[in-house]
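See below for the structure under consideration.
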Amino acid sequence: MTGQLGNDRGNNRRAISAKGVIIPSIVVILLFNILIIYITFIINRSGREISAMMQRNFVFSEMSGSYSQGVDSLVELVGKYVSTLDEDVLKEYLSRYHQVIEDGNALSGEFARLKYDEACEQMKASIAYEAGRNDTEHHALRLCAGAANLDLSAYPELQEYALTPQEEQLSPALQHDAAMELISSRSYQATRGDIQRALSMAIHFAADRTAAEIERKNRILANYRVIQWILMGLGILILIAMSVLLFVRLLIPLEKSVEIVQRGDEIPVNKGFAELQRLAVSYDELLHYRNKLENNLRILSMTDGLTGLPNRMALEDYVNQFKNDTDIESMTVFSMDVNFLKETNDRKGHLYGDRLLRDAAVCILTAFGDSTGKNCFRFGGDEFAAFWINEPEEKIGPALAQFKLEQEKREVSISVGYARSADIGATSVKELFEKADRFMYSEKAANHSRELHQE
């Protein structure tokens, strides 16, 4: 058994440890969760960036629309002022002019910040076309201001634009005609189309660039989402695998071990995790030592400490086993009593009396004992018994003769009586024992009579 347990320990070292499964699984799942959180953060950030890019196109559209409307409104206002010479229209034009310049520069600056080079170049071209057209418009407005005899100190934008000496010499009506001619010229009208085309190209390039960035971000976002799903799937698979492993190698073996412990059997040590196997080894060792101890205690409780023969308790168990044994046909019961035990104890002491009992036990075992030696009993102080099962009657005489010789050799006197039944079903062990006991006491009385007669 000890060797087997040693082998089991060797196998146990190669078994899978629950700690070796659970801790790495938890670490891997934690790492997966950290990666999933990180990827989720990246996905959310990418989503916000994509939303910002889409919003950027909307902002570009609004800014370009505002700039385009401003450019068109300047054309309308300069034409209206030249036609009406209404000073309020002039003021509105100059106010709108500053807004258009600001809108154009803002849109161009945004393209430059985003490094949209093509859009930035087209926007600069649109602003340059607008600046050239503004020169023509300011020229016309300056001529009209002179024709209207306006105080230019209130209009520094016009004051900075100087007329030629020839234009200064013109009459107000001719100055007005010259202004009309400027804004009606083909070059002035063509500039309006150049501004809008350049602006449209700038917005087109910006939209294409933004769309390309959104597509790139979407591809990255799709890859991250695939990785996220893979990590989540792997995490779920690890959880399932760990749960199955715990169920198969821990819960089921543990449940079976509990049932085995309740039955009092040994637990198989090659099942379950290493920790459970080590527990099984320890339990089996403890069970082995307990059974060994119980067996020793049972033997001690059933054995006479002085003679080594089975005691009264063993005799009762021995007799009880015959009740349902159908293989027993005949039985011979020997009842024996050691003579002069009290006298020996009184004259020589109890040590001599103990030796007398041990010598008597040897005589009884030698004459009546079977191959096991378990059929002879000391069930009282000087009282012994022996049982023969299915032995022929012819053996009784030689056994009694041998018993007498053994007594003489060891200087022991033992009274013996016996009773035999060829059909045990017709009588009982108790009846046989009582009959043998009566026979023994009659012989004992005869022995005492002989001793007294000799004295």
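By order in the structure tokens, chains are A, B, ...; within a chain, residues start at 1; ligands start at 1, following the order shown.
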
Within 10 Å of A:Asp327, counting only C-alpha atoms, which residues show up once you throw out same-chain ones fewer than 4 positions away? Write them as a VMD selection string, please. chain A and resid 322 389 to 390

Tell me, counting only C-alpha atoms, for each residue of stretch 169-266 of chain A within 9 Å of stretch 53-67 of chain A, which pair of atoms is nearest and how far apart they are in Å to one decimal, in rows ordered by chain and increasing number, as a tab-separated table.
residue	atom	partner	partner_atom	distance
A:Leu199	CA	A:Ser64	CA	7.2
A:Ser200	CA	A:Ser64	CA	8.4
A:Ile203	CA	A:Phe60	CA	7.0
A:Ala206	CA	A:Asn57	CA	7.8
A:Ala207	CA	A:Asn57	CA	6.3
A:Thr210	CA	A:Met53	CA	6.3
A:Ala211	CA	A:Met53	CA	8.3
A:Glu213	CA	A:Met53	CA	8.1
A:Ile214	CA	A:Met53	CA	6.9

Given the selection you just returned, output its residues as a file containing C-alpha atoms, formatted as an mmCIF file, in the first residue's frame.
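So part_18.cif came out as:
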data_model
loop_
_atom_site.group_PDB
_atom_site.id
_atom_site.type_symbol
_atom_site.label_atom_id
_atom_site.label_comp_id
_atom_site.auth_asym_id
_atom_site.auth_seq_id
_atom_site.Cartn_x
_atom_site.Cartn_y
_atom_site.Cartn_z
ATOM 1 C CA LEU A 199 -13.550 78.221 -54.296
ATOM 2 C CA SER A 200 -15.399 75.169 -55.619
ATOM 3 C CA ILE A 203 -13.969 72.735 -51.296
ATOM 4 C CA ALA A 206 -10.951 69.427 -49.020
ATOM 5 C CA ALA A 207 -13.967 67.127 -49.257
ATOM 6 C CA THR A 210 -11.602 64.461 -45.652
ATOM 7 C CA ALA A 211 -13.375 61.525 -47.327
ATOM 8 C CA GLU A 213 -9.190 60.317 -44.085
ATOM 9 C CA ILE A 214 -12.633 59.084 -43.053
#

Which of stretch 274-336 of chain A DSSP labels alpha helix (DSSP H), written as a PyMOL selection string: chain A and resi 274-301+312-320

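Here atom CA of A:Trp229 and atom CA of A:Ile36 stand 8.7 Å from one another.
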
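With only C-alpha atoms as the atoms that count, the minimum distance from A:Ile26 to the choices A:Gly272, A:Pro310, A:Gly381, A:Gly235 is reached by A:Gly235.
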